[in-house]
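Reproduced below: work-v3.cif, with mmCIF, N, CA, C and O atoms.
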```
data_query
loop_
_atom_site.label_atom_id
_atom_site.label_comp_id
_atom_site.auth_asym_id
_atom_site.auth_seq_id
_atom_site.Cartn_x
_atom_site.Cartn_y
_atom_site.Cartn_z
N MET A 1217 33.00 -19.31 7.93
CA MET A 1217 31.78 -19.17 7.15
C MET A 1217 30.93 -20.42 7.36
O MET A 1217 31.38 -21.53 7.15
N LYS A 1218 29.70 -20.22 7.75
CA LYS A 1218 28.78 -21.32 7.97
C LYS A 1218 27.90 -21.51 6.74
O LYS A 1218 27.32 -20.56 6.23
N LEU A 1219 27.80 -22.76 6.26
CA LEU A 1219 26.95 -23.09 5.13
C LEU A 1219 25.72 -23.85 5.62
O LEU A 1219 25.81 -24.68 6.52
N ILE A 1220 24.58 -23.57 5.00
CA ILE A 1220 23.33 -24.23 5.35
C ILE A 1220 22.89 -25.07 4.16
O ILE A 1220 22.82 -24.57 3.04
N ASN A 1221 22.57 -26.33 4.42
CA ASN A 1221 22.07 -27.22 3.37
C ASN A 1221 20.61 -26.85 3.11
O ASN A 1221 19.77 -26.94 3.99
N ILE A 1222 20.32 -26.42 1.86
CA ILE A 1222 18.95 -26.02 1.52
C ILE A 1222 18.23 -27.09 0.73
O ILE A 1222 17.18 -26.84 0.16
N GLY A 1223 18.80 -28.29 0.69
CA GLY A 1223 18.16 -29.41 0.02
C GLY A 1223 18.93 -29.87 -1.20
O GLY A 1223 19.52 -29.07 -1.91
N PHE A 1224 18.93 -31.16 -1.41
CA PHE A 1224 19.55 -31.80 -2.57
C PHE A 1224 21.04 -31.47 -2.70
O PHE A 1224 21.57 -31.33 -3.79
N GLY A 1225 21.70 -31.30 -1.56
CA GLY A 1225 23.14 -31.04 -1.56
C GLY A 1225 23.53 -29.61 -1.86
O GLY A 1225 24.71 -29.30 -1.98
N ASN A 1226 22.57 -28.71 -1.98
CA ASN A 1226 22.86 -27.29 -2.23
C ASN A 1226 23.10 -26.57 -0.92
O ASN A 1226 22.42 -26.83 0.06
N MET A 1227 24.05 -25.66 -0.95
CA MET A 1227 24.42 -24.93 0.27
C MET A 1227 24.34 -23.42 0.02
O MET A 1227 24.58 -22.96 -1.09
N VAL A 1228 24.03 -22.69 1.10
CA VAL A 1228 23.98 -21.23 1.06
C VAL A 1228 24.74 -20.72 2.28
O VAL A 1228 24.65 -21.30 3.36
N SER A 1229 25.45 -19.62 2.11
CA SER A 1229 26.17 -19.02 3.22
C SER A 1229 25.19 -18.40 4.21
O SER A 1229 24.37 -17.56 3.83
N ALA A 1230 25.27 -18.79 5.45
CA ALA A 1230 24.37 -18.28 6.49
C ALA A 1230 24.60 -16.78 6.71
O ALA A 1230 23.66 -16.06 7.06
N ASN A 1231 25.81 -16.31 6.48
CA ASN A 1231 26.13 -14.89 6.68
C ASN A 1231 25.43 -13.99 5.67
O ASN A 1231 25.27 -12.80 5.91
N ARG A 1232 25.02 -14.53 4.52
CA ARG A 1232 24.41 -13.74 3.46
C ARG A 1232 22.89 -13.74 3.52
O ARG A 1232 22.25 -12.96 2.83
N LEU A 1233 22.30 -14.60 4.35
CA LEU A 1233 20.84 -14.70 4.43
C LEU A 1233 20.24 -13.57 5.26
O LEU A 1233 20.75 -13.23 6.32
N ILE A 1234 19.15 -13.02 4.75
CA ILE A 1234 18.39 -12.01 5.49
C ILE A 1234 17.14 -12.65 6.07
O ILE A 1234 16.80 -12.42 7.23
N ALA A 1235 16.43 -13.46 5.24
CA ALA A 1235 15.17 -14.04 5.69
C ALA A 1235 14.89 -15.34 4.97
O ALA A 1235 15.36 -15.57 3.85
N VAL A 1236 14.11 -16.20 5.64
CA VAL A 1236 13.56 -17.42 5.04
C VAL A 1236 12.06 -17.31 5.23
O VAL A 1236 11.58 -17.26 6.36
N VAL A 1237 11.31 -17.24 4.11
CA VAL A 1237 9.87 -16.99 4.19
C VAL A 1237 9.10 -18.01 3.37
O VAL A 1237 9.64 -18.68 2.50
N SER A 1238 7.81 -18.08 3.65
CA SER A 1238 6.90 -18.95 2.91
C SER A 1238 6.53 -18.28 1.59
O SER A 1238 6.37 -17.06 1.53
N PRO A 1239 6.36 -19.06 0.52
CA PRO A 1239 6.12 -18.47 -0.81
C PRO A 1239 4.66 -18.16 -1.14
O PRO A 1239 4.37 -17.75 -2.26
N GLU A 1240 3.73 -18.31 -0.21
CA GLU A 1240 2.32 -18.20 -0.54
C GLU A 1240 1.78 -16.79 -0.69
O GLU A 1240 0.82 -16.58 -1.41
N SER A 1241 2.37 -15.79 -0.04
CA SER A 1241 1.78 -14.46 -0.07
C SER A 1241 2.07 -13.75 -1.40
O SER A 1241 3.06 -14.00 -2.07
N ALA A 1242 1.18 -12.84 -1.75
CA ALA A 1242 1.31 -12.10 -3.01
C ALA A 1242 2.60 -11.27 -3.08
O ALA A 1242 3.25 -11.25 -4.13
N PRO A 1243 3.00 -10.58 -2.00
CA PRO A 1243 4.25 -9.81 -2.09
C PRO A 1243 5.48 -10.69 -2.35
O PRO A 1243 6.37 -10.31 -3.10
N ILE A 1244 5.51 -11.87 -1.76
CA ILE A 1244 6.64 -12.78 -1.99
C ILE A 1244 6.61 -13.30 -3.42
O ILE A 1244 7.65 -13.41 -4.08
N LYS A 1245 5.43 -13.62 -3.93
CA LYS A 1245 5.31 -14.06 -5.32
C LYS A 1245 5.80 -12.97 -6.27
O LYS A 1245 6.47 -13.27 -7.27
N ARG A 1246 5.49 -11.70 -5.96
CA ARG A 1246 5.98 -10.59 -6.79
C ARG A 1246 7.50 -10.48 -6.73
O ARG A 1246 8.16 -10.26 -7.74
N MET A 1247 8.06 -10.64 -5.52
CA MET A 1247 9.51 -10.59 -5.36
C MET A 1247 10.19 -11.68 -6.20
O MET A 1247 11.21 -11.43 -6.85
N VAL A 1248 9.62 -12.89 -6.18
CA VAL A 1248 10.18 -14.00 -6.95
C VAL A 1248 10.11 -13.70 -8.44
O VAL A 1248 11.08 -13.89 -9.17
N GLN A 1249 8.97 -13.18 -8.91
CA GLN A 1249 8.81 -12.87 -10.32
C GLN A 1249 9.78 -11.76 -10.76
O GLN A 1249 10.39 -11.84 -11.82
N GLU A 1250 9.94 -10.73 -9.94
CA GLU A 1250 10.87 -9.65 -10.26
C GLU A 1250 12.30 -10.14 -10.30
O GLU A 1250 13.09 -9.75 -11.17
N ALA A 1251 12.67 -11.03 -9.37
CA ALA A 1251 14.02 -11.60 -9.36
C ALA A 1251 14.25 -12.46 -10.60
O ALA A 1251 15.33 -12.45 -11.19
N ARG A 1252 13.22 -13.18 -11.03
CA ARG A 1252 13.31 -14.00 -12.24
C ARG A 1252 13.58 -13.10 -13.46
O ARG A 1252 14.44 -13.39 -14.28
N GLU A 1253 12.86 -11.98 -13.54
CA GLU A 1253 13.03 -11.06 -14.66
C GLU A 1253 14.40 -10.39 -14.66
O GLU A 1253 14.98 -10.15 -15.72
N ARG A 1254 14.94 -10.08 -13.47
CA ARG A 1254 16.26 -9.45 -13.35
C ARG A 1254 17.40 -10.45 -13.52
O ARG A 1254 18.55 -10.05 -13.68
N GLY A 1255 17.09 -11.74 -13.41
CA GLY A 1255 18.14 -12.75 -13.46
C GLY A 1255 18.79 -13.02 -12.13
O GLY A 1255 19.89 -13.56 -12.06
N ASN A 1256 18.12 -12.65 -11.05
CA ASN A 1256 18.65 -12.85 -9.69
C ASN A 1256 17.98 -13.99 -8.95
O ASN A 1256 18.05 -14.06 -7.73
N LEU A 1257 17.32 -14.88 -9.68
CA LEU A 1257 16.62 -15.99 -9.05
C LEU A 1257 17.44 -17.27 -9.19
O LEU A 1257 17.92 -17.59 -10.28
N VAL A 1258 17.59 -17.98 -8.08
CA VAL A 1258 18.25 -19.28 -8.07
C VAL A 1258 17.20 -20.31 -7.64
O VAL A 1258 16.71 -20.25 -6.52
N ASP A 1259 16.86 -21.23 -8.54
CA ASP A 1259 15.85 -22.24 -8.24
C ASP A 1259 16.55 -23.53 -7.83
O ASP A 1259 17.04 -24.28 -8.66
N ALA A 1260 16.61 -23.77 -6.52
CA ALA A 1260 17.26 -24.96 -5.98
C ALA A 1260 16.21 -25.99 -5.53
O ALA A 1260 16.50 -26.84 -4.70
N SER A 1261 15.01 -25.91 -6.11
CA SER A 1261 13.94 -26.83 -5.72
C SER A 1261 13.92 -28.09 -6.57
O SER A 1261 13.17 -29.02 -6.27
N TYR A 1262 14.71 -28.12 -7.64
CA TYR A 1262 14.82 -29.29 -8.52
C TYR A 1262 13.47 -29.76 -9.04
O TYR A 1262 13.17 -30.94 -9.09
N GLY A 1263 12.62 -28.80 -9.41
CA GLY A 1263 11.33 -29.14 -9.98
C GLY A 1263 10.26 -29.49 -8.97
O GLY A 1263 9.12 -29.75 -9.34
N ARG A 1264 10.60 -29.51 -7.72
CA ARG A 1264 9.62 -29.81 -6.67
C ARG A 1264 8.86 -28.54 -6.30
O ARG A 1264 9.23 -27.44 -6.70
N ARG A 1265 7.85 -28.71 -5.51
CA ARG A 1265 7.07 -27.57 -5.04
C ARG A 1265 7.95 -26.67 -4.16
O ARG A 1265 8.64 -27.15 -3.26
N THR A 1266 7.91 -25.37 -4.41
CA THR A 1266 8.68 -24.42 -3.61
C THR A 1266 7.99 -24.24 -2.27
O THR A 1266 6.82 -23.88 -2.20
N ARG A 1267 8.72 -24.50 -1.20
CA ARG A 1267 8.16 -24.38 0.15
C ARG A 1267 8.81 -23.27 0.95
O ARG A 1267 8.29 -22.88 2.00
N ALA A 1268 9.98 -22.80 0.49
CA ALA A 1268 10.66 -21.71 1.19
C ALA A 1268 11.35 -20.81 0.18
O ALA A 1268 11.87 -21.27 -0.84
N VAL A 1269 11.34 -19.52 0.48
CA VAL A 1269 12.04 -18.53 -0.32
C VAL A 1269 13.10 -17.90 0.57
O VAL A 1269 12.78 -17.40 1.66
N LEU A 1270 14.35 -17.95 0.13
CA LEU A 1270 15.45 -17.39 0.89
C LEU A 1270 15.85 -16.06 0.25
O LEU A 1270 16.05 -15.99 -0.96
N ILE A 1271 15.96 -15.04 1.07
CA ILE A 1271 16.30 -13.71 0.60
C ILE A 1271 17.70 -13.39 1.10
O ILE A 1271 17.98 -13.52 2.29
N THR A 1272 18.58 -12.97 0.18
CA THR A 1272 19.97 -12.69 0.54
C THR A 1272 20.25 -11.20 0.54
O THR A 1272 19.49 -10.41 -0.02
N ASP A 1273 21.37 -10.82 1.14
CA ASP A 1273 21.75 -9.42 1.19
C ASP A 1273 22.24 -8.89 -0.15
O ASP A 1273 22.37 -7.69 -0.35
N SER A 1274 22.51 -9.79 -1.11
CA SER A 1274 22.95 -9.37 -2.44
C SER A 1274 21.77 -9.24 -3.41
O SER A 1274 21.96 -9.15 -4.61
N ASP A 1275 20.54 -9.23 -2.87
CA ASP A 1275 19.31 -9.08 -3.64
C ASP A 1275 19.02 -10.30 -4.52
O ASP A 1275 18.30 -10.20 -5.49
N HIS A 1276 19.58 -11.46 -4.17
CA HIS A 1276 19.25 -12.71 -4.85
C HIS A 1276 18.13 -13.39 -4.08
O HIS A 1276 18.03 -13.28 -2.86
N ILE A 1277 17.29 -14.10 -4.82
CA ILE A 1277 16.20 -14.87 -4.24
C ILE A 1277 16.48 -16.34 -4.56
O ILE A 1277 16.76 -16.68 -5.71
N ILE A 1278 16.41 -17.20 -3.54
CA ILE A 1278 16.69 -18.62 -3.72
C ILE A 1278 15.44 -19.40 -3.33
O ILE A 1278 14.86 -19.16 -2.27
N LEU A 1279 15.04 -20.33 -4.19
CA LEU A 1279 13.88 -21.17 -3.93
C LEU A 1279 14.33 -22.53 -3.42
O LEU A 1279 15.27 -23.10 -3.97
N SER A 1280 13.65 -23.04 -2.40
CA SER A 1280 13.98 -24.34 -1.83
C SER A 1280 12.73 -25.18 -1.66
O SER A 1280 11.64 -24.65 -1.44
N ALA A 1281 12.89 -26.49 -1.76
CA ALA A 1281 11.78 -27.41 -1.58
C ALA A 1281 11.60 -27.81 -0.12
O ALA A 1281 10.69 -28.57 0.20
N LEU A 1282 12.42 -27.30 0.78
CA LEU A 1282 12.30 -27.62 2.20
C LEU A 1282 11.45 -26.57 2.91
O LEU A 1282 11.37 -25.42 2.48
N GLN A 1283 10.82 -26.98 3.99
CA GLN A 1283 9.99 -26.08 4.80
C GLN A 1283 10.84 -24.99 5.44
O GLN A 1283 11.99 -25.24 5.82
N PRO A 1284 10.29 -23.78 5.61
CA PRO A 1284 11.04 -22.73 6.30
C PRO A 1284 11.47 -23.13 7.71
O PRO A 1284 12.56 -22.76 8.16
N GLU A 1285 10.64 -23.90 8.41
CA GLU A 1285 10.99 -24.34 9.76
C GLU A 1285 12.22 -25.24 9.74
O GLU A 1285 13.07 -25.17 10.64
N THR A 1286 12.33 -26.10 8.74
CA THR A 1286 13.48 -26.99 8.60
C THR A 1286 14.74 -26.17 8.36
O THR A 1286 15.79 -26.39 8.98
N LEU A 1287 14.65 -25.19 7.46
CA LEU A 1287 15.80 -24.35 7.16
C LEU A 1287 16.19 -23.50 8.36
O LEU A 1287 17.38 -23.31 8.63
N ALA A 1288 15.21 -23.00 9.10
CA ALA A 1288 15.50 -22.21 10.30
C ALA A 1288 16.23 -23.06 11.33
O ALA A 1288 17.16 -22.58 11.99
N GLY A 1289 15.81 -24.30 11.47
CA GLY A 1289 16.50 -25.20 12.40
C GLY A 1289 17.94 -25.44 12.00
O GLY A 1289 18.83 -25.47 12.84
N ARG A 1290 18.18 -25.59 10.71
CA ARG A 1290 19.55 -25.78 10.23
C ARG A 1290 20.36 -24.50 10.41
O ARG A 1290 21.55 -24.54 10.69
N TRP A 1291 19.71 -23.36 10.23
CA TRP A 1291 20.36 -22.07 10.39
C TRP A 1291 20.82 -21.90 11.84
O TRP A 1291 21.92 -21.41 12.11
N ASN A 1292 19.99 -22.34 12.78
CA ASN A 1292 20.31 -22.21 14.20
C ASN A 1292 21.15 -23.36 14.73
O ASN A 1292 21.45 -23.41 15.91
N GLY A 1293 21.49 -24.32 13.86
CA GLY A 1293 22.36 -25.41 14.27
C GLY A 1293 21.65 -26.60 14.86
O GLY A 1293 22.29 -27.54 15.31
N ARG A 1294 20.32 -26.58 14.89
CA ARG A 1294 19.59 -27.74 15.40
C ARG A 1294 19.49 -28.80 14.33
O ARG A 1294 19.57 -28.53 13.15
N GLU A 1295 19.25 -30.03 14.76
CA GLU A 1295 19.10 -31.13 13.83
C GLU A 1295 17.75 -31.03 13.13
O GLU A 1295 16.83 -30.37 13.58
N GLU A 1296 17.63 -31.74 12.04
CA GLU A 1296 16.41 -31.78 11.23
C GLU A 1296 15.26 -32.39 12.02
O GLU A 1296 15.45 -33.37 12.73
N VAL A 1297 14.08 -31.82 11.89
CA VAL A 1297 12.89 -32.34 12.54
C VAL A 1297 12.53 -33.68 11.90
O VAL A 1297 12.58 -33.82 10.68
N GLN A 1298 12.18 -34.66 12.72
CA GLN A 1298 11.83 -36.00 12.20
C GLN A 1298 10.67 -35.91 11.23
O GLN A 1298 9.69 -35.25 11.48
N GLY A 1299 10.78 -36.58 10.09
CA GLY A 1299 9.71 -36.64 9.12
C GLY A 1299 9.75 -35.55 8.06
O GLY A 1299 8.95 -35.52 7.17
N GLU A 1300 10.69 -34.61 8.16
CA GLU A 1300 10.80 -33.54 7.19
C GLU A 1300 12.05 -33.70 6.32
O GLU A 1300 12.62 -32.74 5.85
N GLU A 1301 12.47 -34.92 6.15
CA GLU A 1301 13.64 -35.17 5.33
C GLU A 1301 13.29 -35.01 3.87
O GLU A 1301 12.13 -35.04 3.48
N GLU A 1302 14.32 -34.85 3.04
CA GLU A 1302 14.11 -34.71 1.61
C GLU A 1302 13.48 -35.97 1.04
O GLU A 1302 13.79 -37.07 1.44
N GLU A 1303 12.59 -35.77 0.09
CA GLU A 1303 11.91 -36.92 -0.52
C GLU A 1303 12.62 -37.33 -1.78
O GLU A 1303 13.19 -36.60 -2.48
#
```
Would you mind writing the file's structure down as structure tokens?
Amino acid sequence: MKLINIGFGNMVSANRLIAVVSPESAPIKRMVQEARERGNLVDASYGRRTRAVLITDSDHIILSALQPETLAGRWNGREEVQGEEEE
């Protein structure tokens, strides 16, 4: 089982991820709000601005403060892009 660091020491199973998307579009905002109402939202952004929304196969939505590109690089096993480290 491969785990992906989604920021601040939090990990997610790579096998359970379906997509990593940007949170700006209206459909994604609706998905986040619906998950919050159902109790399926995990906020791993620690109060920071949400920059990525992770969608899992168990219908859970996870919020991260890292860029989707950073998470995609970690998902594919590449090292972190310079300058995109956690603040």
Result set, the PyMOL selection byres (((chain A and resi 1229 and name CA) around 12) and name CA) on current file, as a PyMOL selection string: chain A and resi 1217-1222+1226-1228+1230-1234+1270-1274+1278+1290-1291
Using DSSP on the backbone, list every residue of stretch 1241-1277 of chain A that comes out as strand (DSSP E or B), and give them as a tab-separated table (two decimals) with N, CA, C and O atoms, in the coordinates of the input.
```
chain	number	residue	atom	x	y	z
A	1257	LEU	N	17.32	-14.88	-9.68
A	1257	LEU	CA	16.62	-15.99	-9.05
A	1257	LEU	C	17.44	-17.27	-9.19
A	1257	LEU	O	17.92	-17.59	-10.28
A	1258	VAL	N	17.59	-17.98	-8.08
A	1258	VAL	CA	18.25	-19.28	-8.07
A	1258	VAL	C	17.20	-20.31	-7.64
A	1258	VAL	O	16.71	-20.25	-6.52
A	1259	ASP	N	16.86	-21.23	-8.54
A	1259	ASP	CA	15.85	-22.24	-8.24
A	1259	ASP	C	16.55	-23.53	-7.83
A	1259	ASP	O	17.04	-24.28	-8.66
A	1268	ALA	N	9.98	-22.80	0.49
A	1268	ALA	CA	10.66	-21.71	1.19
A	1268	ALA	C	11.35	-20.81	0.18
A	1268	ALA	O	11.87	-21.27	-0.84
A	1269	VAL	N	11.34	-19.52	0.48
A	1269	VAL	CA	12.04	-18.53	-0.32
A	1269	VAL	C	13.10	-17.90	0.57
A	1269	VAL	O	12.78	-17.40	1.66
A	1270	LEU	N	14.35	-17.95	0.13
A	1270	LEU	CA	15.45	-17.39	0.89
A	1270	LEU	C	15.85	-16.06	0.25
A	1270	LEU	O	16.05	-15.99	-0.96
A	1271	ILE	N	15.96	-15.04	1.07
A	1271	ILE	CA	16.30	-13.71	0.60
A	1271	ILE	C	17.70	-13.39	1.10
A	1271	ILE	O	17.98	-13.52	2.29
A	1272	THR	N	18.58	-12.97	0.18
A	1272	THR	CA	19.97	-12.69	0.54
A	1272	THR	C	20.25	-11.20	0.54
A	1272	THR	O	19.49	-10.41	-0.02
A	1277	ILE	N	17.29	-14.10	-4.82
A	1277	ILE	CA	16.20	-14.87	-4.24
A	1277	ILE	C	16.48	-16.34	-4.56
A	1277	ILE	O	16.76	-16.68	-5.71
```
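With distances restricted to only N, CA, C and O atoms, A:Ser1280 is the closest residue to A:Ser1261 from A:Asp1275, A:Ser1280, A:Gln1249, A:Glu1240.
The nearest approach to A:Asp1259 among the residues A:Gly1293, A:Pro1243, A:Pro1284, A:Gly1223, with only C-alpha atoms taken into account, belongs to A:Gly1223.
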Write out as a short mmCIF file (atom, residue, chain, number, x, y, z; two decimals) with N, CA, C and O atoms, in the frame of the given file which residues come within 6 Å of A:Leu1282 when counting all atoms listed in the file, dropping same-chain ones fewer than 5 positions away.
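Dumped to selection_13.cif:
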```cif
data_model
loop_
_atom_site.label_atom_id
_atom_site.label_comp_id
_atom_site.auth_asym_id
_atom_site.auth_seq_id
_atom_site.Cartn_x
_atom_site.Cartn_y
_atom_site.Cartn_z
N ILE A 1222 20.32 -26.42 1.86
CA ILE A 1222 18.95 -26.02 1.52
C ILE A 1222 18.23 -27.09 0.73
O ILE A 1222 17.18 -26.84 0.16
N ARG A 1265 7.85 -28.71 -5.51
CA ARG A 1265 7.07 -27.57 -5.04
C ARG A 1265 7.95 -26.67 -4.16
O ARG A 1265 8.64 -27.15 -3.26
N THR A 1266 7.91 -25.37 -4.41
CA THR A 1266 8.68 -24.42 -3.61
C THR A 1266 7.99 -24.24 -2.27
O THR A 1266 6.82 -23.88 -2.20
N ARG A 1267 8.72 -24.50 -1.20
CA ARG A 1267 8.16 -24.38 0.15
C ARG A 1267 8.81 -23.27 0.95
O ARG A 1267 8.29 -22.88 2.00
N ALA A 1268 9.98 -22.80 0.49
CA ALA A 1268 10.66 -21.71 1.19
C ALA A 1268 11.35 -20.81 0.18
O ALA A 1268 11.87 -21.27 -0.84
N LEU A 1287 14.65 -25.19 7.46
CA LEU A 1287 15.80 -24.35 7.16
C LEU A 1287 16.19 -23.50 8.36
O LEU A 1287 17.38 -23.31 8.63
#
```
Between atom C of A:Glu1253 and atom O of A:Ile1277, distance in Å (one decimal):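 The value is 11.2 Å.
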Expected answer as a list of chain:residue names: alpha helix (DSSP H) residues in chain A: A:Ala1242, A:Pro1243, A:Ile1244, A:Lys1245, A:Arg1246, A:Met1247, A:Val1248, A:Gln1249, A:Glu1250, A:Ala1251, A:Arg1252, A:Glu1253, A:Arg1254, A:Pro1284, A:Glu1285, A:Thr1286, A:Leu1287, A:Ala1288, A:Gly1289, A:Arg1290, A:Trp1291
Can you spit out the residues from that selection as a tab-separated table (two decimals), keeping the file's coordinate frame, using N, CA, C and O atoms?
```
chain	number	residue	atom	x	y	z
A	1242	ALA	N	1.18	-12.84	-1.75
A	1242	ALA	CA	1.31	-12.10	-3.01
A	1242	ALA	C	2.60	-11.27	-3.08
A	1242	ALA	O	3.25	-11.25	-4.13
A	1243	PRO	N	3.00	-10.58	-2.00
A	1243	PRO	CA	4.25	-9.81	-2.09
A	1243	PRO	C	5.48	-10.69	-2.35
A	1243	PRO	O	6.37	-10.31	-3.10
A	1244	ILE	N	5.51	-11.87	-1.76
A	1244	ILE	CA	6.64	-12.78	-1.99
A	1244	ILE	C	6.61	-13.30	-3.42
A	1244	ILE	O	7.65	-13.41	-4.08
A	1245	LYS	N	5.43	-13.62	-3.93
A	1245	LYS	CA	5.31	-14.06	-5.32
A	1245	LYS	C	5.80	-12.97	-6.27
A	1245	LYS	O	6.47	-13.27	-7.27
A	1246	ARG	N	5.49	-11.70	-5.96
A	1246	ARG	CA	5.98	-10.59	-6.79
A	1246	ARG	C	7.50	-10.48	-6.73
A	1246	ARG	O	8.16	-10.26	-7.74
A	1247	MET	N	8.06	-10.64	-5.52
A	1247	MET	CA	9.51	-10.59	-5.36
A	1247	MET	C	10.19	-11.68	-6.20
A	1247	MET	O	11.21	-11.43	-6.85
A	1248	VAL	N	9.62	-12.89	-6.18
A	1248	VAL	CA	10.18	-14.00	-6.95
A	1248	VAL	C	10.11	-13.70	-8.44
A	1248	VAL	O	11.08	-13.89	-9.17
A	1249	GLN	N	8.97	-13.18	-8.91
A	1249	GLN	CA	8.81	-12.87	-10.32
A	1249	GLN	C	9.78	-11.76	-10.76
A	1249	GLN	O	10.39	-11.84	-11.82
A	1250	GLU	N	9.94	-10.73	-9.94
A	1250	GLU	CA	10.87	-9.65	-10.26
A	1250	GLU	C	12.30	-10.14	-10.30
A	1250	GLU	O	13.09	-9.75	-11.17
A	1251	ALA	N	12.67	-11.03	-9.37
A	1251	ALA	CA	14.02	-11.60	-9.36
A	1251	ALA	C	14.25	-12.46	-10.60
A	1251	ALA	O	15.33	-12.45	-11.19
A	1252	ARG	N	13.22	-13.18	-11.03
A	1252	ARG	CA	13.31	-14.00	-12.24
A	1252	ARG	C	13.58	-13.10	-13.46
A	1252	ARG	O	14.44	-13.39	-14.28
A	1253	GLU	N	12.86	-11.98	-13.54
A	1253	GLU	CA	13.03	-11.06	-14.66
A	1253	GLU	C	14.40	-10.39	-14.66
A	1253	GLU	O	14.98	-10.15	-15.72
A	1254	ARG	N	14.94	-10.08	-13.47
A	1254	ARG	CA	16.26	-9.45	-13.35
A	1254	ARG	C	17.40	-10.45	-13.52
A	1254	ARG	O	18.55	-10.05	-13.68
A	1284	PRO	N	10.29	-23.78	5.61
A	1284	PRO	CA	11.04	-22.73	6.30
A	1284	PRO	C	11.47	-23.13	7.71
A	1284	PRO	O	12.56	-22.76	8.16
A	1285	GLU	N	10.64	-23.90	8.41
A	1285	GLU	CA	10.99	-24.34	9.76
A	1285	GLU	C	12.22	-25.24	9.74
A	1285	GLU	O	13.07	-25.17	10.64
A	1286	THR	N	12.33	-26.10	8.74
A	1286	THR	CA	13.48	-26.99	8.60
A	1286	THR	C	14.74	-26.17	8.36
A	1286	THR	O	15.79	-26.39	8.98
A	1287	LEU	N	14.65	-25.19	7.46
A	1287	LEU	CA	15.80	-24.35	7.16
A	1287	LEU	C	16.19	-23.50	8.36
A	1287	LEU	O	17.38	-23.31	8.63
A	1288	ALA	N	15.21	-23.00	9.10
A	1288	ALA	CA	15.50	-22.21	10.30
A	1288	ALA	C	16.23	-23.06	11.33
A	1288	ALA	O	17.16	-22.58	11.99
A	1289	GLY	N	15.81	-24.30	11.47
A	1289	GLY	CA	16.50	-25.20	12.40
A	1289	GLY	C	17.94	-25.44	12.00
A	1289	GLY	O	18.83	-25.47	12.84
A	1290	ARG	N	18.18	-25.59	10.71
A	1290	ARG	CA	19.55	-25.78	10.23
A	1290	ARG	C	20.36	-24.50	10.41
A	1290	ARG	O	21.55	-24.54	10.69
A	1291	TRP	N	19.71	-23.36	10.23
A	1291	TRP	CA	20.36	-22.07	10.39
A	1291	TRP	C	20.82	-21.90	11.84
A	1291	TRP	O	21.92	-21.41	12.11
```
If I only have part of stretch 1266-1270 of chain A, can you fill in all heavy atoms and write it as a compact mmCIF listing (two decimals), in the frame of the given file?
```txt
# COMPACT_ATOMS: atom_id res chain seq x y z
N THR A 1266 7.91 -25.37 -4.41
CA THR A 1266 8.68 -24.42 -3.61
C THR A 1266 7.99 -24.24 -2.27
O THR A 1266 6.82 -23.88 -2.20
CB THR A 1266 8.78 -23.06 -4.33
OG1 THR A 1266 9.46 -23.26 -5.56
CG2 THR A 1266 9.54 -22.06 -3.48
N ARG A 1267 8.72 -24.50 -1.20
CA ARG A 1267 8.16 -24.38 0.15
C ARG A 1267 8.81 -23.27 0.95
O ARG A 1267 8.29 -22.88 2.00
CB ARG A 1267 8.28 -25.71 0.88
CG ARG A 1267 7.42 -26.77 0.25
CD ARG A 1267 7.38 -28.00 1.08
NE ARG A 1267 6.43 -28.95 0.50
CZ ARG A 1267 6.56 -30.25 0.62
NH1 ARG A 1267 7.56 -30.76 1.31
NH2 ARG A 1267 5.66 -31.04 0.08
N ALA A 1268 9.98 -22.80 0.49
CA ALA A 1268 10.66 -21.71 1.19
C ALA A 1268 11.35 -20.81 0.18
O ALA A 1268 11.87 -21.27 -0.84
CB ALA A 1268 11.68 -22.26 2.18
N VAL A 1269 11.34 -19.52 0.48
CA VAL A 1269 12.04 -18.53 -0.32
C VAL A 1269 13.10 -17.90 0.57
O VAL A 1269 12.78 -17.40 1.66
CB VAL A 1269 11.06 -17.45 -0.84
CG1 VAL A 1269 11.80 -16.37 -1.61
CG2 VAL A 1269 9.99 -18.09 -1.71
N LEU A 1270 14.35 -17.95 0.13
CA LEU A 1270 15.45 -17.39 0.89
C LEU A 1270 15.85 -16.06 0.25
O LEU A 1270 16.05 -15.99 -0.96
CB LEU A 1270 16.65 -18.34 0.89
CG LEU A 1270 16.46 -19.65 1.63
CD1 LEU A 1270 15.75 -20.67 0.77
CD2 LEU A 1270 17.79 -20.19 2.07
```
